[in-house]
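model.cif (mmCIF, C-alpha atoms)
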```cif
data_data
#
loop_
_atom_site.label_atom_id
_atom_site.label_comp_id
_atom_site.auth_asym_id
_atom_site.auth_seq_id
_atom_site.Cartn_x
_atom_site.Cartn_y
_atom_site.Cartn_z
CA MET A 18 104.77 68.25 78.35
CA SER A 19 101.48 67.59 80.10
CA LYS A 20 98.06 67.92 78.51
CA LYS A 21 97.36 71.06 80.54
CA GLU A 22 100.63 72.68 79.50
CA LYS A 23 99.85 72.05 75.84
CA ILE A 24 96.69 74.14 76.02
CA ILE A 25 98.33 77.23 77.51
CA PRO A 26 98.08 79.63 74.55
CA LEU A 27 101.44 80.55 73.06
CA SER A 28 101.40 84.29 72.57
CA PRO A 29 102.13 85.41 69.00
CA LEU A 30 103.57 88.66 70.38
CA PRO A 31 105.92 89.46 73.30
CA ILE A 32 104.38 90.01 76.72
CA ILE A 33 105.62 91.94 79.75
CA GLU A 34 104.85 90.38 83.14
CA THR A 35 104.37 93.54 85.20
CA HIS A 36 103.80 92.00 88.65
CA PHE A 37 104.80 88.69 90.19
CA HIS A 38 106.87 87.33 93.07
CA LEU A 39 109.61 85.17 91.60
CA ASP A 40 111.20 84.47 94.98
CA TYR A 41 107.86 83.06 96.22
CA LEU A 42 107.46 80.46 93.46
CA LYS A 43 108.19 76.97 94.79
CA ALA A 44 106.58 74.41 92.44
CA HIS A 45 109.53 74.47 90.04
CA PRO A 46 113.14 75.73 90.16
CA ILE A 47 113.39 79.45 89.47
CA GLU A 48 115.63 78.82 86.46
CA GLU A 49 112.96 76.57 84.95
CA ILE A 50 110.23 79.16 85.52
CA VAL A 51 112.24 81.87 83.77
CA ARG A 52 113.17 79.53 80.90
CA LYS A 53 109.60 78.36 80.36
CA SER A 54 108.27 81.92 80.56
CA LYS A 55 110.64 82.92 77.77
CA GLU A 56 109.40 79.95 75.70
CA TYR A 57 105.88 81.35 76.09
CA ASN A 58 107.06 84.73 74.76
CA ILE A 59 107.32 86.52 78.10
CA GLU A 60 110.01 89.02 77.19
CA LYS A 61 110.45 90.84 80.51
CA MET A 62 109.24 90.19 84.07
CA ILE A 63 109.00 92.47 87.09
CA THR A 64 109.43 90.71 90.43
CA ILE A 65 107.97 92.70 93.30
CA SER A 66 109.37 93.61 96.69
CA VAL A 67 106.99 93.41 99.65
CA ASP A 68 109.08 93.65 102.84
CA PRO A 69 112.66 94.14 104.07
CA ASP A 70 113.24 90.39 104.01
CA ASN A 71 113.04 90.24 100.22
CA PHE A 72 114.66 93.54 99.20
CA ASP A 73 117.97 91.81 98.51
CA ALA A 74 116.38 88.72 96.96
CA VAL A 75 114.65 90.91 94.37
CA ILE A 76 117.88 92.71 93.52
CA GLU A 77 119.81 89.45 93.19
CA LEU A 78 117.19 88.03 90.82
CA THR A 79 117.47 91.12 88.61
CA LYS A 80 121.22 90.56 88.45
CA LYS A 81 120.95 86.85 87.73
CA PHE A 82 118.41 87.00 84.90
CA PRO A 83 118.59 89.58 82.07
CA GLU A 84 114.81 89.32 81.62
CA VAL A 85 113.98 90.09 85.25
CA TYR A 86 113.45 93.58 86.65
CA GLY A 87 112.33 94.56 90.13
CA THR A 88 110.86 97.02 92.59
CA GLN A 89 111.58 98.13 96.14
CA GLY A 90 108.87 98.91 98.66
CA ILE A 91 106.68 97.73 101.53
CA HIS A 92 103.35 95.94 101.21
CA PRO A 93 100.68 97.39 103.52
CA HIS A 94 100.63 94.10 105.45
CA ASP A 95 104.18 94.95 106.55
CA ALA A 96 103.74 98.70 107.02
CA ASN A 97 104.30 98.29 110.75
CA SER A 98 107.96 97.65 109.94
CA PHE A 99 108.33 101.13 108.42
CA ASP A 100 111.03 103.39 109.87
CA GLU A 101 113.62 105.83 108.55
CA THR A 102 116.32 103.17 108.27
CA GLN A 103 114.08 101.09 106.00
CA TYR A 104 113.15 104.18 103.98
CA GLU A 105 116.80 105.04 103.37
CA ARG A 106 117.51 101.44 102.38
CA VAL A 107 114.75 101.48 99.76
CA LYS A 108 116.07 104.79 98.45
CA LYS A 109 119.67 103.53 98.27
CA ASN A 110 118.69 100.25 96.62
CA THR A 111 116.64 102.06 93.99
CA LEU A 112 119.35 104.58 93.20
CA GLU A 113 122.11 101.99 92.97
CA ASN A 114 120.33 99.38 90.83
CA SER A 115 119.25 100.38 87.34
CA LYS A 116 116.89 97.40 87.00
CA ILE A 117 114.74 98.61 89.90
CA VAL A 118 111.97 100.21 87.84
CA ALA A 119 109.40 101.28 90.46
CA ILE A 120 108.64 101.90 94.12
CA GLY A 121 106.31 99.22 95.42
CA GLU A 122 104.38 97.27 96.32
CA ILE A 123 102.94 99.98 98.54
CA GLY A 124 99.42 100.97 99.49
CA LEU A 125 96.53 100.17 101.80
CA ASP A 126 94.80 96.93 102.81
CA TYR A 127 91.84 97.25 105.16
CA TYR A 128 90.55 93.75 104.43
CA TYR A 129 93.12 92.08 106.67
CA THR A 130 94.59 95.14 108.48
CA LYS A 131 97.75 93.22 109.37
CA SER A 132 99.33 96.61 110.13
CA PRO A 133 97.45 99.48 111.83
CA ARG A 134 95.72 101.81 109.41
CA GLU A 135 97.67 104.80 110.71
CA LYS A 136 100.94 103.04 109.97
CA GLN A 137 99.73 101.99 106.51
CA LEU A 138 98.84 105.59 105.69
CA GLU A 139 102.20 106.88 106.92
CA CYS A 140 104.14 104.26 104.99
CA PHE A 141 102.12 104.78 101.79
CA ASP A 142 102.50 108.55 101.96
CA ARG A 143 106.27 108.47 102.55
CA TYR A 144 106.94 106.05 99.70
CA LEU A 145 104.83 108.13 97.35
CA GLU A 146 107.06 111.05 98.33
CA LEU A 147 110.13 108.93 97.59
CA ALA A 148 108.78 107.95 94.17
CA SER A 149 108.26 111.63 93.39
CA GLU A 150 111.79 112.45 94.53
CA LEU A 151 113.36 109.64 92.48
CA ASP A 152 111.03 110.14 89.50
CA LYS A 153 109.85 106.52 89.61
CA PRO A 154 106.37 105.08 89.08
CA VAL A 155 104.60 103.34 91.94
CA VAL A 156 103.05 99.88 92.21
CA ILE A 157 99.98 100.23 94.43
CA HIS A 158 98.08 97.59 96.37
CA THR A 159 94.63 98.69 97.51
CA ARG A 160 91.93 96.51 99.05
CA ASP A 161 88.79 97.68 100.82
CA ALA A 162 90.40 101.12 101.16
CA ASP A 163 89.02 103.05 98.20
CA GLU A 164 88.21 106.27 100.05
CA ASP A 165 91.61 106.60 101.72
CA THR A 166 93.42 105.54 98.54
CA ILE A 167 91.72 108.33 96.61
CA ALA A 168 92.43 110.83 99.39
CA ILE A 169 96.13 110.05 99.64
CA LEU A 170 96.60 109.99 95.87
CA LYS A 171 94.92 113.39 95.60
CA ASN A 172 97.70 114.74 97.80
CA ALA A 173 100.48 112.99 95.88
CA SER A 174 99.35 112.85 92.28
CA ALA A 175 100.43 116.35 91.27
CA THR A 176 104.08 115.71 92.19
CA LEU A 177 104.13 112.06 91.09
CA LYS A 178 105.18 112.61 87.49
CA GLN A 179 105.49 108.97 86.48
CA LYS A 180 102.22 107.93 88.18
CA GLY A 181 102.06 104.13 88.35
CA VAL A 182 99.70 101.17 88.46
CA LEU A 183 96.94 100.01 90.79
CA HIS A 184 97.82 96.36 90.59
CA SER A 185 95.45 93.38 90.77
CA PHE A 186 92.56 95.77 90.41
CA THR A 187 89.40 94.55 92.14
CA SER A 188 88.13 97.84 93.58
CA SER A 189 85.19 100.07 92.70
CA LEU A 190 84.41 101.79 89.45
CA GLU A 191 84.80 105.08 91.34
CA LEU A 192 88.42 104.31 92.23
CA ALA A 193 89.11 103.04 88.72
CA GLU A 194 87.70 106.21 87.17
CA TYR A 195 89.68 108.41 89.55
CA ALA A 196 92.93 106.54 88.92
CA LEU A 197 92.46 106.66 85.16
CA SER A 198 91.66 110.38 85.27
CA GLU A 199 94.96 110.97 87.05
CA GLY A 200 96.97 108.96 84.52
CA PHE A 201 97.43 105.72 86.47
CA TYR A 202 97.26 102.27 84.90
CA LEU A 203 95.22 99.30 86.12
CA GLY A 204 96.89 95.90 86.52
CA ILE A 205 94.74 92.96 85.35
CA ASN A 206 95.48 89.36 86.29
CA GLY A 207 93.84 85.94 86.50
CA ILE A 208 91.02 87.25 88.69
CA CYS A 209 89.34 88.46 85.49
CA THR A 210 88.79 84.82 84.50
CA PHE A 211 87.04 83.86 87.76
CA PRO A 212 83.27 83.27 87.44
CA ASN A 213 82.43 85.61 90.37
CA ALA A 214 84.63 88.50 89.16
CA GLY A 215 81.98 90.40 87.23
CA ASN A 216 83.07 93.63 88.92
CA VAL A 217 86.58 93.25 87.49
CA ARG A 218 85.24 92.59 84.01
CA GLU A 219 83.05 95.68 84.35
CA VAL A 220 86.16 97.77 85.03
CA ILE A 221 87.97 96.16 82.08
CA ALA A 222 85.05 97.00 79.80
CA MET A 223 85.09 100.63 80.96
CA ALA A 224 88.84 101.28 80.98
CA PRO A 225 90.77 102.39 77.88
CA LEU A 226 93.00 99.62 76.56
CA GLU A 227 95.82 102.17 76.67
CA LYS A 228 95.65 102.06 80.48
CA LEU A 229 95.68 98.30 81.12
CA LEU A 230 98.69 96.19 82.10
CA LEU A 231 99.06 92.41 82.18
CA GLU A 232 100.20 90.72 85.39
CA THR A 233 99.88 87.38 87.18
CA ASP A 234 100.70 88.19 90.84
CA ALA A 235 102.22 84.69 90.76
CA PRO A 236 102.32 82.42 92.68
CA PHE A 237 98.78 83.60 93.46
CA LEU A 238 95.58 83.97 91.40
CA THR A 239 96.17 81.37 88.69
CA PRO A 240 93.70 81.98 85.84
CA ALA A 241 91.00 79.53 84.81
CA PRO A 242 91.18 76.73 83.78
CA PHE A 243 94.34 76.18 85.85
CA ARG A 244 93.04 77.07 89.30
CA GLY A 245 94.69 74.96 91.97
CA VAL A 246 98.21 75.01 90.56
CA GLU A 247 100.91 77.56 91.26
CA ASN A 248 100.67 80.59 89.01
CA ALA A 249 103.55 81.71 86.78
CA PRO A 250 104.19 84.27 84.02
CA TYR A 251 103.54 81.74 81.25
CA TYR A 252 99.82 81.86 82.07
CA LEU A 253 99.61 85.53 81.06
CA SER A 254 98.19 84.82 77.61
CA LEU A 255 94.99 83.62 79.30
CA VAL A 256 94.59 87.02 80.95
CA ALA A 257 95.10 88.78 77.61
CA GLN A 258 92.54 86.51 75.97
CA LYS A 259 89.93 87.34 78.61
CA ILE A 260 90.55 91.09 78.24
CA ALA A 261 90.11 90.72 74.47
CA GLU A 262 86.85 88.83 75.02
CA VAL A 263 85.45 91.39 77.47
CA LYS A 264 86.37 94.37 75.30
CA ALA A 265 85.43 92.65 72.02
CA LEU A 266 88.88 93.34 70.61
CA SER A 267 91.39 91.14 68.84
CA TYR A 268 93.79 89.17 71.02
CA GLU A 269 96.72 90.63 69.06
CA ASN A 270 95.51 94.18 69.68
CA VAL A 271 95.40 93.57 73.43
CA LEU A 272 98.88 92.04 73.42
CA LYS A 273 100.35 94.88 71.37
CA MET A 274 98.84 97.65 73.49
CA ALA A 275 99.68 96.00 76.83
CA TYR A 276 103.28 95.66 75.67
CA GLU A 277 103.45 99.32 74.70
CA ASN A 278 101.79 100.37 77.95
CA SER A 279 104.34 98.42 80.00
CA HIS A 280 107.27 100.08 78.26
CA ARG A 281 105.67 103.50 78.55
CA LEU A 282 105.26 103.15 82.32
CA PHE A 283 108.38 101.30 83.38
CA LYS A 284 110.82 102.70 80.79
CA PHE A 285 112.90 99.54 80.39
#
```

Mind turning this structure into structure tokens?
Amino acid sequence: MSKKEKIIPLSPLPIIETHFHLDYLKAHPIEEIVRKSKEYNIEKMITISVDPDNFDAVIELTKKFPEVYGTQGIHPHDANSFDETQYERVKKNTLENSKIVAIGEIGLDYYYTKSPREKQLECFDRYLELASELDKPVVIHTRDADEDTIAILKNASATLKQKGVLHSFTSSLELAEYALSEGFYLGINGICTFPNAGNVREVIAMAPLEKLLLETDAPFLTPAPFRGVENAPYYLSLVAQKIAEVKALSYENVLKMAYENSHRLFKF
């Protein structure tokens, strides 16, 4: 074991990885990543669907590993691929696979606008409707789209019984406050450890611990001091430690509440 690996904190309590992309991880074999994550007390992991090309990969990973759960949905970057055939496929996959725990990753991204905004809005709205129909929570991606995210959630929130999570939260306090008021969770990852992420730490300080989830978004956003290497679920303890520091709470309290929050939302 390398020197860096030895200083990854070993969590004294179980952790739920609520958002990562297992099929995207390339630095090590998938079996090794799952095994090592379990050694670091990662009890369950949710691997996220982003486009039609990885719908089946996500489902196969949930079947291969007892610890791995999944989602089905379309990232806003790929919203231009949305059509009724895709919609029915997401619906069928979710209904037929008990380890698919949410609809997502869906939402809006106006930073890159890889799909037209009109198509992003249509796709987001339809998959929120599907989540309401199937009584599933949603995993939401939102970047530089606070106003439209609030507007579309105002239309959907009343019928979306299970609500969901705004993952990798880096948006405004206004959006955070709105989401929390409607019963949504905020997903916190390694960004909170970055020196220039004061806005994220401000949201963490404001938000109730009962509404925070732990995630990595691996292979992206590796927390300090491991920037530059591929992210993985076994770095999650560093995120929990930073939340504890920001909120002036015990590390164990953060771990315990995040675990309970994850089970409350995703109903494993």

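With the shown file loaded, the PyMOL selection byres ((chain A and resi 243) around 10) picks out Lys21, Glu22, Ile25, Gly207, Leu238, Thr239, Pro240, Ala241, Pro242, Arg244, Gly245, Val246, Glu247, Asn248, Tyr252 and Leu255 of chain A.
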
key: Distance criterion (all atoms listed in the file): nearest to A:Thr176 out of A:Ser149, A:Ser66, A:Asn278, A:Asn216   = A:Ser149

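Among A:Gly124, A:Pro93, A:Pro212, A:Gly200, the residue with the shortest atom-to-atom distance to A:Lys259, counting all atoms listed in the file, is A:Pro212.
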
Interatomic distance (Å, one decimal) between atom CA of A:Glu194 and atom CA of A:Leu230 =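 Going from atom CA of A:Glu194 over to atom CA of A:Leu230, I get 15.7 Å.
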
query = Which residue gives the smallest distance to A:Lys61 among A:Thr166, A:Gln103, A:Asn213, A:Thr35, with all atoms listed in the file counted?
reply = A:Thr35

request  = Show which residues sit within 10 Å of A:Leu231, as an MDAnalysis selection string. Count all atoms listed in the file, and ignore same-chain residues fewer than 2 positions away.
outcome  = chainID A and resid 32:36 184:185 203:207 229 233:234 250 253:254 256:257 260 271:272 275:276 278:279

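With atom CA of A:Leu190 on one side and atom CA of A:Tyr202 on the other, the separation reads 13.6 Å.
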
Provide an axis-aligned box for all listed atoms of stretch 46-50 of chain A, padding each side by 5 Å; report its centre and its edge lengths in Å to one decimal, as lines of an AutoDock Vina configuration file.
```
center_x = 112.9
center_y = 77.6
center_z = 87.6
size_x = 15.4
size_y = 13.7
size_z = 15.2
```

message = Taking the file as I've supplied it (selection: the PyMOL selection byres ((chain A and resi 148) around 12)), which residues are included? Please answer as a PyMOL selection string.
response = chain A and resi 88-90+104+107-108+111-112+117-123+141-147+149-157+173-174+176-181

Selection export as a short mmCIF file (atom, residue, chain, number, x, y, z; two decimals), in the coordinates of the input, atoms kept: C-alpha atoms:
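File written: out12.cif
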```
data_model
loop_
_atom_site.label_atom_id
_atom_site.label_comp_id
_atom_site.auth_asym_id
_atom_site.auth_seq_id
_atom_site.Cartn_x
_atom_site.Cartn_y
_atom_site.Cartn_z
CA THR A 88 110.86 97.02 92.59
CA GLN A 89 111.58 98.13 96.14
CA GLY A 90 108.87 98.91 98.66
CA TYR A 104 113.15 104.18 103.98
CA VAL A 107 114.75 101.48 99.76
CA LYS A 108 116.07 104.79 98.45
CA THR A 111 116.64 102.06 93.99
CA LEU A 112 119.35 104.58 93.20
CA ILE A 117 114.74 98.61 89.90
CA VAL A 118 111.97 100.21 87.84
CA ALA A 119 109.40 101.28 90.46
CA ILE A 120 108.64 101.90 94.12
CA GLY A 121 106.31 99.22 95.42
CA GLU A 122 104.38 97.27 96.32
CA ILE A 123 102.94 99.98 98.54
CA PHE A 141 102.12 104.78 101.79
CA ASP A 142 102.50 108.55 101.96
CA ARG A 143 106.27 108.47 102.55
CA TYR A 144 106.94 106.05 99.70
CA LEU A 145 104.83 108.13 97.35
CA GLU A 146 107.06 111.05 98.33
CA LEU A 147 110.13 108.93 97.59
CA SER A 149 108.26 111.63 93.39
CA GLU A 150 111.79 112.45 94.53
CA LEU A 151 113.36 109.64 92.48
CA ASP A 152 111.03 110.14 89.50
CA LYS A 153 109.85 106.52 89.61
CA PRO A 154 106.37 105.08 89.08
CA VAL A 155 104.60 103.34 91.94
CA VAL A 156 103.05 99.88 92.21
CA ILE A 157 99.98 100.23 94.43
CA ALA A 173 100.48 112.99 95.88
CA SER A 174 99.35 112.85 92.28
CA THR A 176 104.08 115.71 92.19
CA LEU A 177 104.13 112.06 91.09
CA LYS A 178 105.18 112.61 87.49
CA GLN A 179 105.49 108.97 86.48
CA LYS A 180 102.22 107.93 88.18
CA GLY A 181 102.06 104.13 88.35
#
```

key: Minimum-distance residue to A:Glu135, chosen among A:Lys53, A:Leu170, A:Ala96, A:Glu262 (using only C-alpha atoms)   =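 Of all the options, A:Ala96 lies closest to A:Glu135.
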
request  = Name the residues that the PyMOL selection byres ((chain A and resi 87) around 7) pulls out of this structure, and write them as a VMD selection string.
outcome  = chain A and resid 63 to 65 75 to 76 79 85 to 86 88 116 to 118

request  = With a distance cut-off of 8 Å and only C-alpha atoms, select the neighbouring residues of A:Asn58, excluding the residue or stretch itself and same-chain residues fewer than 5 positions from it, and output the selection as a PyMOL selection string.
outcome  = chain A and resi 27-32+251

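Note that atom CA of A:Pro236 and atom CA of A:Tyr41 are 6.6 Å apart.
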
Can I get stretch 26-43 of chain A with N, CA and C atoms filled in, as a compact mmCIF listing (two decimals), keeping the file's coordinate frame?
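What landed in selection.txt:
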```txt
# COMPACT_ATOMS: atom_id res chain seq x y z
N PRO A 26 97.87 78.98 75.85
CA PRO A 26 98.08 79.63 74.55
C PRO A 26 99.49 80.21 74.44
N LEU A 27 100.12 79.97 73.34
CA LEU A 27 101.44 80.55 73.06
C LEU A 27 101.23 81.90 72.40
N SER A 28 101.64 82.94 73.08
CA SER A 28 101.40 84.29 72.57
C SER A 28 102.14 84.52 71.25
N PRO A 29 101.46 85.09 70.26
CA PRO A 29 102.13 85.41 69.00
C PRO A 29 102.97 86.68 69.08
N LEU A 30 102.83 87.42 70.18
CA LEU A 30 103.57 88.66 70.38
C LEU A 30 104.22 88.65 71.76
N PRO A 31 105.27 89.43 71.97
CA PRO A 31 105.92 89.46 73.30
C PRO A 31 105.01 90.06 74.36
N ILE A 32 105.17 89.56 75.58
CA ILE A 32 104.38 90.01 76.72
C ILE A 32 105.32 90.47 77.82
N ILE A 33 104.91 91.50 78.55
CA ILE A 33 105.62 91.94 79.75
C ILE A 33 104.82 91.51 80.97
N GLU A 34 105.44 90.75 81.84
CA GLU A 34 104.85 90.38 83.14
C GLU A 34 105.15 91.54 84.09
N THR A 35 104.12 92.32 84.44
CA THR A 35 104.37 93.54 85.20
C THR A 35 104.29 93.37 86.71
N HIS A 36 103.90 92.16 87.19
CA HIS A 36 103.80 92.00 88.65
C HIS A 36 103.73 90.52 89.02
N PHE A 37 104.83 90.02 89.59
CA PHE A 37 104.80 88.69 90.19
C PHE A 37 105.89 88.63 91.24
N HIS A 38 105.94 87.49 91.94
CA HIS A 38 106.87 87.33 93.07
C HIS A 38 107.73 86.10 92.81
N LEU A 39 108.79 86.29 92.04
CA LEU A 39 109.61 85.17 91.60
C LEU A 39 110.22 84.41 92.78
N ASP A 40 110.60 85.13 93.82
CA ASP A 40 111.20 84.47 94.98
C ASP A 40 110.20 83.67 95.79
N TYR A 41 108.90 83.82 95.51
CA TYR A 41 107.86 83.06 96.22
C TYR A 41 107.49 81.76 95.50
N LEU A 42 107.86 81.62 94.24
CA LEU A 42 107.46 80.46 93.46
C LEU A 42 108.26 79.23 93.90
N LYS A 43 107.55 78.15 94.21
CA LYS A 43 108.19 76.97 94.79
C LYS A 43 107.94 75.68 94.01
```
